[in-house]
Amino acid sequence: MRKTERYPVQGANSLWKVYKTVSFWKVVKCFIFIQIGRVTPFMAMKNWIYRTFLHMKIGDKTSLALMVMPDSMFPERISIGNNTIIGYNTTILAHEYLIEEYRLGDVKIGSEVMIGANSTILPGVEIGDGAIVSAATLVHRDVPAGSMVGGNPMKIIYTAEQMADRKRNK
């Protein structure tokens with residue numbers, strides 16, 4: 001189950017009222033630094049930009065590939081562990097604006113996690129240490145540590161125990 005905070009709105013949909021929920025200037029700042037980071041080829045520099053200007057928590061030796069899109073409104077709600085790889089064009093969301101409410105949730109990605117290209121991670125999700133997320137996966141719930149998941153909707157492909165057996169039998 002995703003852990004999100006829910007904020008009801010009345011009248012127009014929540015996205016119509018976006019700048020009542022987050023500062024316009026914060027979104028502008030985040031957008032600019034995210035666009036710079038998305039195309040920065042040097043991992044250490046990219047991580048410095050995201051840590052310094054967006055207040056994201058990013059561990060040592062973590063790599064965000066070309067065009068990864070962190071949340072443009074609440075990037076400070078994203079934390080990523082050490083030695084993790086986030087694949088090309090992956091989107092990490094900490095917010096969702098719906099018709100009658102908007103939701104915010106922390107995204108916690110563990111250490112030594114591998115996330116395939118073109119995946120989308122929804123708010124309030126935790127991805128455990130050592131997990132593997134296959135390409136083009138919609139991560140709509142927590143991912144157990146050491147497991148392999150994939151698909152839309154996301155399903156567990158291998159549990160941590162099955163992954164350990166596969167490594168031993170290699």
# chains A, B, ... in the order shown; residues from 1 in each chain; ligands from 1

call {"tool": "select_by_dssp", "arguments": {"residues": "stretch 18-76 of chain A", "states": "strand (DSSP E or B)", "output": "PyMOL selection string"}}
result
chain A and resi 57-58+63-64+69-70

call {"tool": "closest_atom_pairs", "arguments": {"of": "stretch 38-76 of chain A", "to": "stretch 94-100 of chain A", "cutoff": "9 Å", "atoms": "only C-alpha atoms", "output": "JSON lines"}}
result
{"residue": "A:Pro70", "atom": "CA", "partner": "A:Ala94", "partner_atom": "CA", "distance": 8.5}
{"residue": "A:Asp71", "atom": "CA", "partner": "A:Ala94", "partner_atom": "CA", "distance": 5.9}
{"residue": "A:Ser72", "atom": "CA", "partner": "A:Ala94", "partner_atom": "CA", "distance": 8.8}
{"residue": "A:Met73", "atom": "CA", "partner": "A:His95", "partner_atom": "CA", "distance": 7.6}
{"residue": "A:Phe74", "atom": "CA", "partner": "A:Ala94", "partner_atom": "CA", "distance": 6.1}
{"residue": "A:Pro75", "atom": "CA", "partner": "A:Ala94", "partner_atom": "CA", "distance": 7.0}
{"residue": "A:Glu76", "atom": "CA", "partner": "A:Ala94", "partner_atom": "CA", "distance": 8.8}

call {"tool": "write_last_selection", "arguments": {"atoms": "C-alpha atoms", "output": "short mmCIF file (atom, residue, chain, number, x, y, z; two decimals), in the first residue's frame"}}
result
data_model
loop_
_atom_site.label_atom_id
_atom_site.label_comp_id
_atom_site.auth_asym_id
_atom_site.auth_seq_id
_atom_site.Cartn_x
_atom_site.Cartn_y
_atom_site.Cartn_z
CA PRO A 70 12.58 13.58 -10.50
CA ASP A 71 9.42 15.18 -9.15
CA SER A 72 9.32 18.84 -10.25
CA MET A 73 7.24 20.08 -7.32
CA PHE A 74 8.39 18.11 -4.27
CA PRO A 75 11.83 16.62 -5.09
CA GLU A 76 12.85 16.89 -1.42
#

call {"tool": "closest_residue", "arguments": {"among": "A:Ala164, A:Ile49, A:Ile132, A:Met154", "to": "A:Thr120", "atoms": "only C-alpha atoms"}}
result
A:Met154

call {"tool": "select_by_dssp", "arguments": {"residues": "stretch 17-71 of chain A", "states": "alpha helix (DSSP H)", "output": "VMD selection string"}}
result
chain A and resid 18 to 21 24 to 39 43 to 54

call {"tool": "closest_residue", "arguments": {"among": "A:Lys26, A:Lys108, A:Lys57, A:Lys20", "to": "A:Pro123", "atoms": "only C-alpha atoms"}}
result
A:Lys108

call {"tool": "residues_around", "arguments": {"residues": "A:Ile80", "least_positions_apart": "2", "cutoff": "12 Å", "atoms": "only C-alpha atoms", "output": "number ranges by chain"}}
result
A: 47, 50-51, 55-64, 70, 75-78, 82-86, 92, 106-115, 125-129

call {"tool": "closest_residue", "arguments": {"among": "A:Val39, A:Met148, A:Val22, A:Ala65", "to": "A:Arg166", "atoms": "only C-alpha atoms"}}
result
A:Met148

call {"tool": "atom_distance", "arguments": {"atom1": "atom CA of A:Ser119", "atom2": "atom CA of A:Ile157"}}
result
15.7 Å

call {"tool": "closest_residue", "arguments": {"among": "A:Gln162, A:Gly37, A:Gly151, A:Val143", "to": "A:Met1", "atoms": "only C-alpha atoms"}}
result
A:Val143

call {"tool": "atom_distance", "arguments": {"atom1": "atom CA of A:Thr159", "atom2": "atom CA of A:Ser134"}}
result
13.8 Å
